[in-house]
Each structure stands twice: as structure tokens, then as C-alpha cells.
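Here's input.txt, which has compact mmCIF, C-alpha atoms:
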```
# COMPACT_ATOMS: atom_id res chain seq x y z
CA MET J 533 -10.21 -20.48 -20.02
CA PRO J 534 -7.74 -20.97 -17.14
CA ALA J 535 -8.33 -17.51 -15.59
CA ARG J 536 -12.00 -18.34 -15.08
CA ALA J 537 -11.10 -21.63 -13.43
CA ASP J 538 -8.66 -19.81 -11.14
CA PHE J 539 -11.34 -17.29 -10.25
CA ALA J 540 -13.85 -20.06 -9.46
CA ARG J 541 -11.31 -21.90 -7.29
CA GLY J 542 -10.67 -18.61 -5.51
CA VAL J 543 -14.38 -18.18 -4.80
CA GLN J 544 -14.57 -21.73 -3.46
CA ALA J 545 -11.55 -21.15 -1.20
CA TYR J 546 -12.91 -17.79 -0.02
CA ASP J 547 -16.31 -19.27 0.78
CA GLY J 548 -14.50 -21.96 2.80
CA GLY J 549 -12.57 -19.36 4.79
CA ASP J 550 -9.23 -20.21 3.12
CA TYR J 551 -8.28 -16.64 2.23
CA ARG J 552 -4.66 -17.44 1.48
CA THR J 553 -5.64 -19.91 -1.24
CA ALA J 554 -8.27 -17.48 -2.53
CA ALA J 555 -5.56 -14.82 -2.81
CA GLU J 556 -3.25 -17.18 -4.70
CA GLU J 557 -5.97 -18.23 -7.13
CA TRP J 558 -7.21 -14.70 -7.68
CA ARG J 559 -3.68 -13.41 -8.16
CA LEU J 560 -3.21 -15.88 -11.02
CA ALA J 561 -6.51 -14.87 -12.59
CA ALA J 562 -5.82 -11.16 -12.01
CA GLU J 563 -2.44 -11.45 -13.70
CA GLY J 564 -4.39 -12.97 -16.59
CA CYS J 565 -6.49 -9.78 -16.73
CA ASP J 566 -9.72 -11.08 -15.18
CA PRO J 567 -11.43 -7.96 -13.73
CA ARG J 568 -13.49 -10.04 -11.29
CA ALA J 569 -10.30 -11.51 -9.87
CA GLU J 570 -8.61 -8.10 -9.79
CA THR J 571 -11.52 -6.74 -7.75
CA ALA J 572 -11.62 -9.73 -5.43
CA LEU J 573 -7.86 -9.59 -4.86
CA ALA J 574 -8.10 -5.85 -4.15
CA MET J 575 -10.73 -6.54 -1.50
CA LEU J 576 -8.43 -9.07 0.17
CA TYR J 577 -5.61 -6.52 0.27
CA GLN J 578 -7.96 -3.84 1.56
CA ASP J 579 -9.15 -6.06 4.41
CA GLY J 580 -5.94 -8.02 5.02
CA LEU J 581 -7.53 -11.41 4.39
CA GLY J 582 -5.00 -14.07 3.35
CA VAL J 583 -2.50 -11.34 2.49
CA PRO J 584 -0.98 -8.49 4.48
CA ARG J 585 -3.27 -5.47 4.57
CA ASP J 586 -1.91 -3.17 1.86
CA ILE J 587 -4.17 -0.38 0.66
CA ARG J 588 -1.77 0.65 -2.10
CA ARG J 589 -1.91 -2.84 -3.62
CA ALA J 590 -5.67 -2.78 -3.22
CA ILE J 591 -5.79 0.49 -5.16
CA HIS J 592 -3.57 -1.00 -7.88
CA TRP J 593 -5.91 -3.95 -8.43
CA TYR J 594 -9.08 -1.87 -8.10
CA GLU J 595 -7.71 0.54 -10.68
CA ARG J 596 -6.99 -2.20 -13.21
CA ALA J 597 -10.47 -3.67 -12.77
CA ALA J 598 -12.13 -0.24 -12.79
CA ARG J 599 -10.39 0.68 -16.03
CA ALA J 600 -11.71 -2.58 -17.51
CA GLY J 601 -15.23 -1.49 -16.57
CA ASP J 602 -15.87 -3.51 -13.40
CA PRO J 603 -18.55 -1.53 -11.49
CA VAL J 604 -17.67 -2.95 -8.05
CA ALA J 605 -14.04 -1.89 -8.53
CA GLN J 606 -15.18 1.52 -9.77
CA MET J 607 -17.38 1.97 -6.70
CA SER J 608 -14.65 0.83 -4.30
CA LEU J 609 -11.98 2.96 -5.94
CA GLY J 610 -14.27 5.99 -5.96
CA ASP J 611 -14.91 5.55 -2.26
CA LEU J 612 -11.18 5.37 -1.48
CA TYR J 613 -10.59 8.61 -3.40
CA ALA J 614 -13.58 10.19 -1.65
CA VAL J 615 -12.08 9.66 1.80
CA GLY J 616 -8.39 9.78 0.88
CA ARG J 617 -7.68 6.28 2.15
CA GLY J 618 -4.36 5.03 0.79
CA THR J 619 -4.26 7.95 -1.60
CA ALA J 620 -4.80 11.66 -1.58
CA LEU J 621 -8.41 12.78 -1.25
CA ASP J 622 -9.51 13.51 -4.82
CA ARG J 623 -13.12 14.51 -5.38
CA VAL J 624 -12.74 14.56 -9.15
CA ARG J 625 -11.50 10.97 -9.35
CA ALA J 626 -14.01 9.89 -6.72
CA TYR J 627 -16.85 11.44 -8.72
CA VAL J 628 -15.68 9.84 -11.97
CA TRP J 629 -15.43 6.31 -10.61
CA LEU J 630 -18.64 6.56 -8.61
CA ASP J 631 -20.53 7.96 -11.59
CA LEU J 632 -19.33 5.13 -13.81
CA ALA J 633 -20.42 2.59 -11.17
CA ALA J 634 -23.76 4.37 -10.81
CA GLY J 635 -24.22 4.02 -14.57
CA SER J 636 -24.04 0.26 -14.07
CA GLY J 637 -26.92 0.35 -11.60
CA LYS J 638 -25.00 0.71 -8.33
CA ASP J 639 -27.42 2.88 -6.33
CA TRP J 640 -25.03 3.30 -3.40
CA ALA J 641 -22.46 4.73 -5.81
CA ALA J 642 -25.01 7.22 -7.13
CA ARG J 643 -25.84 8.44 -3.63
CA ARG J 644 -22.16 8.71 -2.73
CA ARG J 645 -21.43 10.58 -5.98
CA ASP J 646 -24.25 13.02 -5.31
CA GLY J 647 -22.88 13.74 -1.84
CA ILE J 648 -19.44 14.43 -3.28
CA GLU J 649 -20.87 16.67 -5.98
CA ARG J 650 -22.25 19.01 -3.30
CA LYS J 651 -18.66 19.59 -2.11
CA MET J 652 -17.13 20.13 -5.56
CA THR J 653 -16.28 23.39 -7.23
CA VAL J 654 -17.69 24.13 -10.68
CA ARG J 655 -14.24 23.55 -12.16
CA GLU J 656 -13.84 20.17 -10.41
CA LEU J 657 -17.25 19.05 -11.63
CA HIS J 658 -16.40 20.12 -15.17
CA ARG J 659 -13.13 18.13 -15.09
CA ALA J 660 -14.96 15.09 -13.73
CA LYS J 661 -17.64 15.20 -16.43
CA GLU J 662 -14.99 15.56 -19.14
CA ALA J 663 -13.18 12.49 -17.79
CA ILE J 664 -16.44 10.52 -17.75
CA ARG J 665 -17.16 11.46 -21.39
CA ALA J 666 -13.65 10.37 -22.37
CA PHE J 667 -13.73 7.06 -20.47
CA ARG J 668 -13.41 3.90 -22.57
CA PRO J 669 -13.08 0.56 -20.81
CA MET J 670 -9.68 -1.00 -21.28
CA SER J 671 -9.67 -4.10 -23.43
CA PRO J 672 -8.24 -7.33 -21.95
CA ALA J 673 -5.48 -7.20 -24.57
CA SER J 674 -4.18 -3.92 -23.13
CA CYS J 675 -4.53 -4.70 -19.42
CA GLN J 676 -0.82 -5.15 -18.83
```
Using C-alpha cells, write down the structure that the file contains.
Amino acid sequence: MPARADFARGVQAYDGGDYRTAAEEWRLAAEGCDPRAETALAMLYQDGLGVPRDIRRAIHWYERAARAGDPVAQMSLGDLYAVGRGTALDRVRAYVWLDLAAGSGKDWAARRRDGIERKMTVRELHRAKEAIRAFRPMSPASCQ
């Protein structure tokens, strides 16, 4: 599958310090709906490696990967919502994404979620838990 090959070439470029090539490879794979590439590309935009730093683009790619079920993207997106970086602070969304990541074994996400829960109202927590119950990972066919 070409998207996997693009992702692997991106990893090789990244490991070699060639962030621009990594971004190009991962962009191709991300456009082909590879959640690993979407997450990796988001990280490059978040840190400004090989691409201009652009937190809104990072959020876009994290969101696509998170909706596909990628736990690293869910954790990263939850953290951005938790601090309001590049987006409005949103404890409900932060809780949802961090809880989903925690469900995949991400202990840091569970600790972060628990800290956010202590700041939430009963209504916010209810909305978050409803969203978690309703969550269904997006299929690759519907990623566009």
C-alpha cells in the first residue's frame, strides 16, 4: 500500500533529521488517510519541524487521526484542548480525547484526564461521558 511506504519513508527522513522530507512523505500518507501519518504530520506542525509552526494545522491533522482512533493523536488533541493552545480551552473535549487515549493504555492521558475532571462541573462531565459513549472511530473510507 503506497501510504504505508510514504509513512515509512517519512520515518526514515525524520530519523535522519530531514524534517522537510518527512513532512512531504507524511503529507502524502495523511492525505491517503493513514492515521499514523496524520499524527506525525500534526506533530511537525505543532513543533515547526520541516514546516512552519502552525497549531491550527496541527489540530486539523490530530483531529482526523483522533477520530480514526489513534491514541497518540487523541492524547495530543486532548492536551491542546486542556490548555487552550490553538483553540479555546474546552474541558469537555479535553476529557473526551484523553479518556479515549487512556482506554488504549496511555497512562499519562489517564492522569491528565483525572486532573481535568476535578475542575469540571457535573454538567460538563455528563456531556463528556455521553460523547465518549457515542464515539465510533471513523473508517478510512470516510476520512475525507
TODO: Find the residues near J:Ala660: any atom within 6 Å, counting only C-alpha atoms, skip ones fewer than 3 places away on the same chain, and give them as a list in words.
DONE: Val624, Val628, Leu657 and Ala663 of chain J
TODO: Calculate how many Å separate atom CA of J:Phe539 from atom CA of J:Leu609, rounding to one decimal.
DONE: 20.7 Å
- [ ] Can you work out the spacing between atom CA of J:Arg625 and atom CA of J:Glu595 in Å, to one decimal?
- [x] 11.2 Å
Task: Pairwise distance for atom CA of J:Ile587 and atom CA of J:Gly618, rounded to one decimal in Å - done: 5.4 Å
Applying 9 Å and only C-alpha atoms, which residues near J:Tyr627 remain after dropping the ones on its own chain fewer than 3 positions away? List them as a JSON list (two decimals) with C-alpha atoms, in the coordinates of the input.
```
[["chain", "number", "residue", "atom", "x", "y", "z"],
["J", 610, "GLY", "CA", -14.27, 5.99, -5.96],
["J", 611, "ASP", "CA", -14.91, 5.55, -2.26],
["J", 613, "TYR", "CA", -10.59, 8.61, -3.40],
["J", 614, "ALA", "CA", -13.58, 10.19, -1.65],
["J", 622, "ASP", "CA", -9.51, 13.51, -4.82],
["J", 623, "ARG", "CA", -13.12, 14.51, -5.38],
["J", 624, "VAL", "CA", -12.74, 14.56, -9.15],
["J", 630, "LEU", "CA", -18.64, 6.56, -8.61],
["J", 631, "ASP", "CA", -20.53, 7.96, -11.59],
["J", 632, "LEU", "CA", -19.33, 5.13, -13.81],
["J", 644, "ARG", "CA", -22.16, 8.71, -2.73],
["J", 645, "ARG", "CA", -21.43, 10.58, -5.98],
["J", 646, "ASP", "CA", -24.25, 13.02, -5.31],
["J", 648, "ILE", "CA", -19.44, 14.43, -3.28],
["J", 649, "GLU", "CA", -20.87, 16.67, -5.98],
["J", 657, "LEU", "CA", -17.25, 19.05, -11.63],
["J", 660, "ALA", "CA", -14.96, 15.09, -13.73],
["J", 661, "LYS", "CA", -17.64, 15.20, -16.43]]
```
Task: Residue among J:Ala605, J:Asp547, J:Gly635, J:Trp640 lying closest to J:Met575, counting all atoms listed in the file - done: J:Ala605
Open item on the list: From the options J:Trp629, J:Tyr551, J:Tyr577, J:Tyr546, which residue's atoms come nearest to J:Pro603, counting all atoms listed in the file?
Closed with: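 Of J:Trp629, J:Tyr551, J:Tyr577, J:Tyr546, the one nearest J:Pro603 is J:Trp629, counting all atoms listed in the file.
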TODO: Excluding J:Val583 and residues on its chain fewer than 6 positions from it, collect all residues at most 10 Å away from it, counting only C-alpha atoms, and give them as a ChimeraX atom specification.
DONE: /J:551-556,573,576-577
Distance query J:Val604 at most 10 Å, all atoms listed in the file, self and fewer than 2 positions along chain excluded, as a PDB file with C-alpha atoms, keeping the file's coordinate frame:
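Result file result_31.pdb:
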```
ATOM      1  CA  PRO J 567     -11.430  -7.960 -13.730  1.00  0.00           C
ATOM      2  CA  ARG J 568     -13.490 -10.040 -11.290  1.00  0.00           C
ATOM      3  CA  THR J 571     -11.520  -6.740  -7.750  1.00  0.00           C
ATOM      4  CA  ALA J 572     -11.620  -9.730  -5.430  1.00  0.00           C
ATOM      5  CA  TYR J 594      -9.080  -1.870  -8.100  1.00  0.00           C
ATOM      6  CA  ALA J 597     -10.470  -3.670 -12.770  1.00  0.00           C
ATOM      7  CA  ALA J 598     -12.130  -0.240 -12.790  1.00  0.00           C
ATOM      8  CA  GLY J 601     -15.230  -1.490 -16.570  1.00  0.00           C
ATOM      9  CA  ASP J 602     -15.870  -3.510 -13.400  1.00  0.00           C
ATOM     10  CA  GLN J 606     -15.180   1.520  -9.770  1.00  0.00           C
ATOM     11  CA  MET J 607     -17.380   1.970  -6.700  1.00  0.00           C
ATOM     12  CA  SER J 608     -14.650   0.830  -4.300  1.00  0.00           C
ATOM     13  CA  LEU J 609     -11.980   2.960  -5.940  1.00  0.00           C
ATOM     14  CA  GLY J 610     -14.270   5.990  -5.960  1.00  0.00           C
ATOM     15  CA  TRP J 629     -15.430   6.310 -10.610  1.00  0.00           C
ATOM     16  CA  LEU J 630     -18.640   6.560  -8.610  1.00  0.00           C
ATOM     17  CA  ALA J 633     -20.420   2.590 -11.170  1.00  0.00           C
ATOM     18  CA  ALA J 634     -23.760   4.370 -10.810  1.00  0.00           C
ATOM     19  CA  SER J 636     -24.040   0.260 -14.070  1.00  0.00           C
ATOM     20  CA  LYS J 638     -25.000   0.710  -8.330  1.00  0.00           C
ATOM     21  CA  ALA J 641     -22.460   4.730  -5.810  1.00  0.00           C
TER      22      ALA J 641
END
```
Work out where the centre of an axis-aligned box around every listed atom of stretch 556-563 of chain J lies and how long its edges are once 8 Å is added on each side; give both in Å to one decimal as lines of an AutoDock Vina configuration file.
```
center_x = -4.8
center_y = -14.7
center_z = -9.2
size_x = 20.8
size_y = 23.1
size_z = 25.0
```
TODO: Go through J:Leu612, J:Ala540, J:Ala590, J:Leu621 one by one, measure the shortest atom-to-atom distance of each to J:Asp566 using only C-alpha atoms, and give the residue with the smallest value.
DONE: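 Checking each of J:Leu612, J:Ala540, J:Ala590, J:Leu621 against J:Asp566, counting only C-alpha atoms, the winner is J:Ala540.
Counting all atoms listed in the file, the residue from J:Ala626, J:Pro584, J:Ala600, J:Ile591 that sits nearest to J:Met652 is J:Ala626.
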TODO: Would you please work out which residue, of J:Asp538, J:Asp586, J:Asp579, J:Asp639, is nearest to J:Glu563 when using all atoms listed in the file?
DONE: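 Of all the options, J:Asp538 lies closest to J:Glu563.
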Open item on the list: I'd like to know which of J:Gly647, J:Gly542, J:Gly637, J:Pro669 is closest to J:Ala569, using all atoms listed in the file.
Closed with: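 Ranking J:Gly647, J:Gly542, J:Gly637, J:Pro669 by distance to J:Ala569, first place goes to J:Gly542.
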